[in-house]
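> My structure file my_file-v3.pdb, PDB, C-alpha atoms (C1' of nucleotides), is below:
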```pdb
ATOM      1  CA  MET C   1       0.000   0.000   0.000
ATOM      2  CA  LEU C   2       1.677   3.144  -1.078
ATOM      3  CA  GLN C   3      -0.978   5.802  -1.298
ATOM      4  CA  HIS C   4      -3.938   5.210   0.943
ATOM      5  CA  GLN C   5      -7.183   6.693   1.901
ATOM      6  CA  PRO C   6      -7.995   6.760   5.594
ATOM      7  CA  LEU C   7     -10.415   3.858   5.249
ATOM      8  CA  ASP C   8      -7.740   1.693   3.620
ATOM      9  CA  LEU C   9      -5.524   2.178   6.637
ATOM     10  CA  ALA C  10      -8.293   1.693   9.196
ATOM     11  CA  PHE C  11      -9.683  -1.511   7.695
ATOM     12  CA  HIS C  12      -6.194  -2.837   7.067
ATOM     13  CA  ALA C  13      -5.215  -2.176  10.674
ATOM     14  CA  LEU C  14      -8.342  -3.966  11.910
ATOM     15  CA  SER C  15      -7.750  -6.985   9.687
ATOM     16  CA  ASP C  16      -5.071  -8.369  11.993
ATOM     17  CA  PRO C  17      -6.224 -10.254  15.117
ATOM     18  CA  THR C  18      -3.259  -9.065  17.168
ATOM     19  CA  ARG C  19      -4.097  -5.460  16.399
ATOM     20  CA  ARG C  20      -7.775  -6.016  17.180
ATOM     21  CA  ARG C  21      -6.755  -7.478  20.547
ATOM     22  CA  MET C  22      -4.668  -4.376  21.179
ATOM     23  CA  VAL C  23      -7.639  -2.147  20.388
ATOM     24  CA  GLU C  24      -9.878  -4.287  22.593
ATOM     25  CA  ARG C  25      -7.405  -3.906  25.424
ATOM     26  CA  LEU C  26      -7.281  -0.149  24.911
ATOM     27  CA  THR C  27     -11.057   0.213  24.965
ATOM     28  CA  LEU C  28     -10.808  -0.860  28.621
ATOM     29  CA  GLY C  29      -8.469   2.035  29.342
ATOM     30  CA  PRO C  30      -5.034   3.482  28.498
ATOM     31  CA  ALA C  31      -2.074   1.110  28.483
ATOM     32  CA  SER C  32       1.686   1.221  28.080
ATOM     33  CA  VAL C  33       3.467  -0.593  25.266
ATOM     34  CA  SER C  34       4.543  -3.220  27.788
ATOM     35  CA  ASP C  35       0.954  -3.657  28.956
ATOM     36  CA  LEU C  36      -0.092  -4.216  25.360
ATOM     37  CA  ALA C  37       2.752  -6.646  24.726
ATOM     38  CA  GLU C  38       2.326  -8.688  27.906
ATOM     39  CA  PRO C  39      -0.446 -11.066  26.742
ATOM     40  CA  LEU C  40       0.822 -11.312  23.171
ATOM     41  CA  PRO C  41       2.996 -14.219  22.023
ATOM     42  CA  MET C  42       5.544 -12.147  20.164
ATOM     43  CA  SER C  43       8.458  -9.808  20.674
ATOM     44  CA  MET C  44       8.159  -6.239  21.936
ATOM     45  CA  SER C  45       9.483  -5.132  18.587
ATOM     46  CA  ALA C  46       6.601  -6.781  16.772
ATOM     47  CA  VAL C  47       4.095  -5.128  19.117
ATOM     48  CA  VAL C  48       5.643  -1.723  18.483
ATOM     49  CA  GLN C  49       5.295  -2.326  14.759
ATOM     50  CA  HIS C  50       1.629  -3.222  15.190
ATOM     51  CA  LEU C  51       1.186  -0.109  17.294
ATOM     52  CA  LYS C  52       2.643   1.986  14.495
ATOM     53  CA  VAL C  53       0.096   0.552  12.072
ATOM     54  CA  LEU C  54      -2.717   1.412  14.487
ATOM     55  CA  GLN C  55      -1.396   4.931  14.943
ATOM     56  CA  ASP C  56      -0.880   5.533  11.225
ATOM     57  CA  ALA C  57      -4.494   4.451  10.748
ATOM     58  CA  GLY C  58      -5.590   6.980  13.361
ATOM     59  CA  LEU C  59      -7.112   4.287  15.550
ATOM     60  CA  VAL C  60      -4.755   4.867  18.452
ATOM     61  CA  THR C  61      -2.886   7.828  19.878
ATOM     62  CA  SER C  62      -0.006   7.759  22.313
ATOM     63  CA  GLU C  63       2.203  10.055  24.295
ATOM     64  CA  LYS C  64       5.468   9.373  26.000
ATOM     65  CA  VAL C  65       6.184  10.590  29.498
ATOM     66  CA  GLY C  66       9.455   9.510  31.025
ATOM     67  CA  ARG C  67      10.270   6.154  29.485
ATOM     68  CA  VAL C  68       6.649   5.013  29.312
ATOM     69  CA  ARG C  69       4.486   5.476  26.226
ATOM     70  CA  THR C  70       0.808   5.518  27.085
ATOM     71  CA  CYS C  71      -1.646   4.524  24.352
ATOM     72  CA  ARG C  72      -5.337   5.259  23.957
ATOM     73  CA  VAL C  73      -8.057   4.520  21.417
ATOM     74  CA  ASP C  74      -8.904   7.373  19.078
ATOM     75  CA  THR C  75     -12.558   6.961  18.161
ATOM     76  CA  HIS C  76     -12.507   9.056  15.010
ATOM     77  CA  ALA C  77     -11.068   6.491  12.593
ATOM     78  CA  LEU C  78     -13.118   3.768  14.246
ATOM     79  CA  SER C  79     -16.268   5.803  13.664
ATOM     80  CA  ALA C  80     -15.343   6.474  10.045
ATOM     81  CA  ALA C  81     -15.003   2.746   9.418
ATOM     82  CA  GLU C  82     -18.274   2.018  11.162
ATOM     83  CA  ARG C  83     -19.971   4.759   9.184
ATOM     84  CA  TRP C  84     -18.834   3.382   5.833
ATOM     85  CA  ILE C  85     -20.350   0.009   6.657
ATOM     86  CA  ALA C  86     -23.537   1.547   8.036
ATOM     87  CA  GLU C  87     -23.971   3.623   4.891
ATOM     88  CA  ARG C  88     -23.678   0.535   2.704
ATOM     89  CA  ARG C  89     -26.184  -1.263   4.883
ATOM     90  CA  LEU C  90     -28.597   1.658   4.646
ATOM     91  CA  ALA C  91     -28.129   1.828   0.877
ATOM     92  CA  MET C  92     -28.994  -1.847   0.686
ATOM     93  CA  GLU C  93     -31.933  -1.588   3.043
ATOM     94  CA  GLY C  94     -33.278   1.363   1.098
ATOM     95  CA  ARG C  95     -33.008  -0.660  -2.060
ATOM     96  CA  LEU C  96     -34.678  -3.618  -0.427
ATOM     97  CA  ASP C  97     -37.427  -1.335   0.898
ATOM     98  CA  ARG C  98     -38.057  -0.030  -2.603
ATOM     99  CA  LEU C  99     -38.022  -3.592  -3.906
ATOM    100  CA  GLY C 100     -40.470  -4.558  -1.178
ATOM    101  CA  ALA C 101     -42.721  -1.645  -2.025
ATOM    102  CA  PHE C 102     -42.523  -2.545  -5.691
ATOM    103  CA  LEU C 103     -43.469  -6.140  -4.994
ATOM    104  CA  ASP C 104     -46.280  -5.031  -2.719
ATOM    105  CA  ALA C 105     -47.651  -2.684  -5.364
ATOM    106  CA  THR C 106     -47.161  -5.085  -8.258
ATOM    107  CA  LYS C 107     -48.144  -8.452  -6.915
ATOM    108  CA  PRO C 108     -50.761  -8.084  -4.190
ATOM    109  CA  GLU C 109     -51.504 -11.798  -3.854
ATOM    110  CA  THR C 110     -53.037 -11.114  -0.460
ATOM    111  CA  GLU C 111     -55.073  -7.948  -0.161
ATOM    112  CA  PRO C 112     -52.808  -4.973   0.616
ATOM    113  CA  ARG C 113     -53.776  -3.192   3.812
ATOM    114  CA  GLU C 114     -55.723  -0.029   2.871
TER     115      GLU C 114
ATOM    116  CA  MET Z   1      -2.825 -14.866   5.883
ATOM    117  CA  LEU Z   2      -3.051 -18.566   6.339
ATOM    118  CA  GLN Z   3      -5.517 -19.257   9.092
ATOM    119  CA  HIS Z   4      -8.107 -16.569   9.577
ATOM    120  CA  GLN Z   5     -11.059 -15.690  11.617
ATOM    121  CA  PRO Z   6     -14.054 -14.281   9.760
ATOM    122  CA  LEU Z   7     -13.275 -10.740  10.906
ATOM    123  CA  ASP Z   8      -9.734 -10.967   9.537
ATOM    124  CA  LEU Z   9     -11.119 -11.777   6.116
ATOM    125  CA  ALA Z  10     -13.875  -9.183   6.236
ATOM    126  CA  PHE Z  11     -11.673  -6.280   7.329
ATOM    127  CA  HIS Z  12      -8.934  -7.336   4.961
ATOM    128  CA  ALA Z  13     -11.381  -7.437   2.070
ATOM    129  CA  LEU Z  14     -12.657  -3.972   2.945
ATOM    130  CA  SER Z  15      -9.164  -2.503   3.215
ATOM    131  CA  ASP Z  16      -8.794  -2.282  -0.559
ATOM    132  CA  PRO Z  17     -10.441   0.671  -2.342
ATOM    133  CA  THR Z  18     -11.190  -1.357  -5.454
ATOM    134  CA  ARG Z  19     -13.035  -3.942  -3.391
ATOM    135  CA  ARG Z  20     -14.933  -1.250  -1.513
ATOM    136  CA  ARG Z  21     -16.007   0.221  -4.851
ATOM    137  CA  MET Z  22     -17.230  -3.189  -5.884
ATOM    138  CA  VAL Z  23     -19.254  -3.509  -2.689
ATOM    139  CA  GLU Z  24     -20.627   0.001  -3.177
ATOM    140  CA  ARG Z  25     -21.701  -0.913  -6.679
ATOM    141  CA  LEU Z  26     -23.369  -4.073  -5.414
ATOM    142  CA  THR Z  27     -25.313  -2.246  -2.717
ATOM    143  CA  LEU Z  28     -27.160  -0.575  -5.609
ATOM    144  CA  GLY Z  29     -28.202  -3.948  -6.948
ATOM    145  CA  PRO Z  30     -26.871  -7.211  -8.405
ATOM    146  CA  ALA Z  31     -24.216  -6.985 -11.088
ATOM    147  CA  SER Z  32     -22.290  -9.260 -13.418
ATOM    148  CA  VAL Z  33     -18.516  -9.572 -13.269
ATOM    149  CA  SER Z  34     -18.302  -7.423 -16.391
ATOM    150  CA  ASP Z  35     -20.500  -4.778 -14.780
ATOM    151  CA  LEU Z  36     -18.164  -4.725 -11.805
ATOM    152  CA  ALA Z  37     -15.078  -4.572 -14.012
ATOM    153  CA  GLU Z  38     -16.352  -1.882 -16.370
ATOM    154  CA  PRO Z  39     -15.466   1.223 -14.287
ATOM    155  CA  LEU Z  40     -12.269  -0.256 -12.869
ATOM    156  CA  PRO Z  41      -8.856   0.516 -14.411
ATOM    157  CA  MET Z  42      -7.570  -3.054 -14.410
ATOM    158  CA  SER Z  43      -7.926  -6.381 -16.141
ATOM    159  CA  MET Z  44     -10.925  -8.677 -15.803
ATOM    160  CA  SER Z  45      -8.590 -11.156 -14.216
ATOM    161  CA  ALA Z  46      -7.730  -8.756 -11.436
ATOM    162  CA  VAL Z  47     -11.405  -8.053 -10.824
ATOM    163  CA  VAL Z  48     -12.167 -11.761 -10.587
ATOM    164  CA  GLN Z  49      -9.388 -12.084  -8.020
ATOM    165  CA  HIS Z  50     -10.854  -9.227  -5.989
ATOM    166  CA  LEU Z  51     -14.253 -10.862  -6.247
ATOM    167  CA  LYS Z  52     -12.807 -14.076  -4.841
ATOM    168  CA  VAL Z  53     -11.477 -12.174  -1.830
ATOM    169  CA  LEU Z  54     -14.905 -10.640  -1.245
ATOM    170  CA  GLN Z  55     -16.590 -14.017  -1.543
ATOM    171  CA  ASP Z  56     -14.085 -15.782   0.739
ATOM    172  CA  ALA Z  57     -14.794 -13.055   3.289
ATOM    173  CA  GLY Z  58     -18.513 -13.723   2.988
ATOM    174  CA  LEU Z  59     -19.223 -10.171   1.862
ATOM    175  CA  VAL Z  60     -20.514 -11.155  -1.558
ATOM    176  CA  THR Z  61     -22.289 -14.147  -3.032
ATOM    177  CA  SER Z  62     -22.649 -15.022  -6.687
ATOM    178  CA  GLU Z  63     -24.310 -17.530  -8.936
ATOM    179  CA  LYS Z  64     -23.644 -18.340 -12.516
ATOM    180  CA  VAL Z  65     -26.404 -18.771 -15.014
ATOM    181  CA  GLY Z  66     -25.391 -19.309 -18.611
ATOM    182  CA  ARG Z  67     -22.088 -17.520 -19.039
ATOM    183  CA  VAL Z  68     -22.996 -14.670 -16.699
ATOM    184  CA  ARG Z  69     -22.073 -14.670 -13.015
ATOM    185  CA  THR Z  70     -24.369 -12.427 -11.006
ATOM    186  CA  CYS Z  71     -23.021 -11.018  -7.745
ATOM    187  CA  ARG Z  72     -24.836  -9.660  -4.710
ATOM    188  CA  VAL Z  73     -23.876  -8.255  -1.319
ATOM    189  CA  ASP Z  74     -24.223 -10.665   1.585
ATOM    190  CA  THR Z  75     -25.007  -8.548   4.630
ATOM    191  CA  HIS Z  76     -23.949 -11.072   7.260
ATOM    192  CA  ALA Z  77     -20.189 -10.496   7.178
ATOM    193  CA  LEU Z  78     -20.752  -6.768   6.795
ATOM    194  CA  SER Z  79     -22.905  -6.776   9.925
ATOM    195  CA  ALA Z  80     -20.331  -8.781  11.854
ATOM    196  CA  ALA Z  81     -17.661  -6.209  11.046
ATOM    197  CA  GLU Z  82     -19.956  -3.356  11.975
ATOM    198  CA  ARG Z  83     -20.871  -5.111  15.206
ATOM    199  CA  TRP Z  84     -17.235  -5.542  16.261
ATOM    200  CA  ILE Z  85     -16.626  -1.819  15.883
ATOM    201  CA  ALA Z  86     -19.885  -0.893  17.600
ATOM    202  CA  GLU Z  87     -19.026  -3.128  20.558
ATOM    203  CA  ARG Z  88     -15.649  -1.440  20.976
ATOM    204  CA  ARG Z  89     -17.317   1.951  20.797
ATOM    205  CA  LEU Z  90     -19.841   0.917  23.428
ATOM    206  CA  ALA Z  91     -17.091  -0.483  25.636
ATOM    207  CA  MET Z  92     -15.306   2.847  25.386
ATOM    208  CA  GLU Z  93     -18.408   4.887  25.978
ATOM    209  CA  GLY Z  94     -19.290   2.761  28.984
ATOM    210  CA  ARG Z  95     -15.836   3.364  30.350
ATOM    211  CA  LEU Z  96     -16.107   7.068  29.703
ATOM    212  CA  ASP Z  97     -19.520   7.118  31.356
ATOM    213  CA  ARG Z  98     -18.073   5.454  34.440
ATOM    214  CA  LEU Z  99     -15.177   7.885  34.365
ATOM    215  CA  GLY Z 100     -17.636  10.745  34.105
ATOM    216  CA  ALA Z 101     -19.669   9.390  36.986
ATOM    217  CA  PHE Z 102     -16.512   8.942  39.017
ATOM    218  CA  LEU Z 103     -15.416  12.495  38.355
ATOM    219  CA  ASP Z 104     -18.891  13.781  39.176
ATOM    220  CA  ALA Z 105     -18.924  11.869  42.436
ATOM    221  CA  THR Z 106     -15.354  12.673  43.393
ATOM    222  CA  LYS Z 107     -14.864  16.259  42.421
ATOM    223  CA  PRO Z 108     -18.152  18.162  42.615
ATOM    224  CA  GLU Z 109     -16.658  21.595  42.029
ATOM    225  CA  THR Z 110     -20.101  22.839  41.067
ATOM    226  CA  GLU Z 111     -22.984  21.602  43.179
ATOM    227  CA  PRO Z 112     -24.300  18.290  41.884
ATOM    228  CA  ARG Z 113     -27.979  18.447  40.987
ATOM    229  CA  GLU Z 114     -30.068  16.993  43.805
TER     230      GLU Z 114
ATOM    231  C1'  DT K   1     -20.063 -24.427 -37.242
ATOM    232  C1'  DT K   2     -18.019 -20.148 -36.428
ATOM    233  C1'  DG K   3     -17.220 -16.386 -33.883
ATOM    234  C1'  DA K   4     -17.984 -13.344 -30.193
ATOM    235  C1'  DT K   5     -18.983 -13.002 -25.359
ATOM    236  C1'  DA K   6     -18.235 -13.861 -20.436
ATOM    237  C1'  DC K   7     -15.695 -15.478 -17.577
ATOM    238  C1'  DT K   8     -11.695 -18.703 -15.527
ATOM    239  C1'  DT K   9      -7.107 -20.284 -14.549
ATOM    240  C1'  DA K  10      -2.038 -20.419 -14.252
ATOM    241  C1'  DA K  11       2.226 -18.431 -13.856
ATOM    242  C1'  DG K  12       5.104 -14.613 -12.904
ATOM    243  C1'  DT K  13       6.618 -10.050 -10.738
ATOM    244  C1'  DG K  14       7.573  -6.352  -7.520
ATOM    245  C1'  DA K  15       6.012  -4.454  -3.293
ATOM    246  C1'  DA K  16       4.102  -4.868   1.298
ATOM    247  C1'  DT K  17       3.346  -7.601   5.626
ATOM    248  C1'  DG K  18       4.401  -9.901   9.962
ATOM    249  C1'  DC K  19       7.510 -11.394  12.156
ATOM    250  C1'  DT K  20      12.623 -12.188  14.018
ATOM    251  C1'  DT K  21      17.179 -10.873  16.236
ATOM    252  C1'  DC K  22      20.453  -7.707  17.677
ATOM    253  C1'  DA K  23      21.913  -3.315  18.885
ATOM    254  C1'  DA K  24      20.890   1.036  20.560
ATOM    255  C1'  DC K  25      18.831   4.751  23.744
ATOM    256  C1'  DA K  26      16.707   7.298  27.487
ATOM    257  C1'  DT K  27      14.862   7.204  32.033
ATOM    258  C1'  DC K  28      14.765   6.127  36.925
ATOM    259  C1'  DA K  29      16.194   3.684  41.430
ATOM    260  C1'  DG K  30      19.763   2.940  44.491
TER     261       DG K  30
ATOM    262  C1'  DC R   1      27.791   5.959  38.275
ATOM    263  C1'  DT R   2      25.516   1.446  37.393
ATOM    264  C1'  DG R   3      22.246  -1.447  36.318
ATOM    265  C1'  DA R   4      17.425  -2.500  35.320
ATOM    266  C1'  DT R   5      13.429  -0.914  32.813
ATOM    267  C1'  DG R   6      10.761   0.541  28.796
ATOM    268  C1'  DT R   7      11.062   1.479  24.435
ATOM    269  C1'  DT R   8      13.071   2.281  19.637
ATOM    270  C1'  DG R   9      15.444   1.186  15.298
ATOM    271  C1'  DA R  10      17.667  -1.377  11.548
ATOM    272  C1'  DA R  11      18.254  -5.373   8.940
ATOM    273  C1'  DG R  12      16.764  -9.731   7.249
ATOM    274  C1'  DC R  13      13.448 -13.367   5.839
ATOM    275  C1'  DA R  14       9.380 -16.057   4.357
ATOM    276  C1'  DT R  15       4.826 -15.177   2.932
ATOM    277  C1'  DT R  16       1.062 -12.725   1.021
ATOM    278  C1'  DC R  17      -0.751  -9.092  -2.092
ATOM    279  C1'  DA R  18      -2.252  -6.805  -6.204
ATOM    280  C1'  DC R  19      -1.605  -6.867 -10.214
ATOM    281  C1'  DT R  20      -0.057  -8.543 -15.278
ATOM    282  C1'  DT R  21      -0.159 -11.490 -19.537
ATOM    283  C1'  DA R  22      -1.484 -15.439 -21.851
ATOM    284  C1'  DA R  23      -4.051 -19.362 -22.496
ATOM    285  C1'  DG R  24      -7.938 -21.729 -21.493
ATOM    286  C1'  DT R  25     -13.503 -23.150 -21.111
ATOM    287  C1'  DA R  26     -18.367 -22.534 -21.615
ATOM    288  C1'  DT R  27     -22.347 -20.343 -23.677
ATOM    289  C1'  DC R  28     -25.075 -18.039 -26.988
ATOM    290  C1'  DA R  29     -26.139 -15.902 -31.625
ATOM    291  C1'  DA R  30     -26.234 -16.296 -36.437
TER     292       DA R  30
END
```
Could the structure of this file be written out as structure tokens, please?


Amino acid sequence: MLQHQPLDLAFHALSDPTRRRMVERLTLGPASVSDLAEPLPMSMSAVVQHLKVLQDAGLVTSEKVGRVRTCRVDTHALSAAERWIAERRLAMEGRLDRLGAFLDATKPETEPRE
Amino acid sequence: MLQHQPLDLAFHALSDPTRRRMVERLTLGPASVSDLAEPLPMSMSAVVQHLKVLQDAGLVTSEKVGRVRTCRVDTHALSAAERWIAERRLAMEGRLDRLGAFLDATKPETEPRE
DNA sequence: TTGATACTTAAGTGAATGCTTCAACATCAG
DNA sequence: CTGATGTTGAAGCATTCACTTAAGTATCAA
């Protein structure tokens, strides 16, 4: 991926189970990099790389104080991803509603109400 | 990716702009492979490969009649992805609510109502 | 039957991904 | 200062990705 829209980055970041676990952990509250790494069966280095993906996607923010980096969920990118899906669902439902209305109007095999 | 959970496949499929365009097109109604390929700046072959990713993720179904394959959105995987995000958002909001309540209870710098 | 249409499949290529290890580096406690 | 802690960075490696081209296979129309 060399030139991405925000949604590319967000969905890509969420496509990895390790990164989803990290987000799940962070929804419970802020955590250090070590906290995030502790339950994960991989090196610190790998966790930091996953964290970078999450940050580049705008799903997570972090700030370093002393030697500890504290990470938090950033809801904006998460909401954007959710919104894209919801919009598609609404587009589909709208279409299905129109189809339903069409079928109702066209083929009233039982008497239509009113 | 060699051993994936459904969400891995769904988010991965959605992380590509071409595949999102295909889903967007399909939310407007069923389409053939050629219909899907027509606006896209790549070979049919590439489109078919994208379609396979969408189908493996459970986002799209298709059936072939004659020489035409007709594709449709399958809402189940889409809903699952949406649900994962919504759950994280709710988890966060719940946490923020509790934090808010805690702050209200702990530091009533203005008089609490009641 | 012949040709055009609508896909399908295989093989190949360069770039990106998900790790690893090893070597830094900057706090902070004692 | 000295060591332990918490993180950061670079390099390397096997795999997966997003395409391409080229060669199929059905199906339908004439």

> Calculate how many Å separate atom CA of Phe11 of chain Z from atom CA of Leu14 of chain C, rounding to one decimal.

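Value for the atom CA of Phe11 of chain Z-atom CA of Leu14 of chain C distance: 6.1 Å.
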
> Go ahead and compute the interatomic distance for atom C1' of DG3 of chain K and atom C1' of DC28 of chain R, in Å to one decimal.

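The value is 10.6 Å.
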
> Measuring atom to atom with only C-alpha atoms, identify which of C:Asp74, C:Gln5, C:His12, C:Ala46 is nearest to chain Z.

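Smallest separation from chain Z among the options: C:His12.
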
> Tell me the residues of chain C close to chain R, meaning within 8 Å using all atoms listed in the file, as number ranges by chain.

C: 33-34, 67-69

> Please determine the contact residues of chain K with respect to chain Z at a cut-off of 9 Å, counting only C-alpha atoms (C1' of nucleotides), and supply them as a PyMOL selection string.

chain K and resi 5-8

> Would you list which chain C residues are within 12 Å of chain Z using all atoms listed in the file, as a ChimeraX atom specification?

/C:1-30,57,59,72-96,98-99

> Quick one: distance from atom CA of Ser43 of chain C to atom C1' of DC22 of chain K in Å, one decimal?

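Going from atom CA of Ser43 of chain C over to atom C1' of DC22 of chain K covers 12.5 Å.
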
> Return as JSON the centre and edge lengths, in Å with one decimal, of the box along x, y and z that encloses every atom of segment 8-27 of chain K in the file, padded by 8 Å per side.


```
{"center_x": 5.1, "center_y": -6.6, "center_z": 8.3, "size_x": 49.6, "size_y": 43.7, "size_z": 63.6}
```
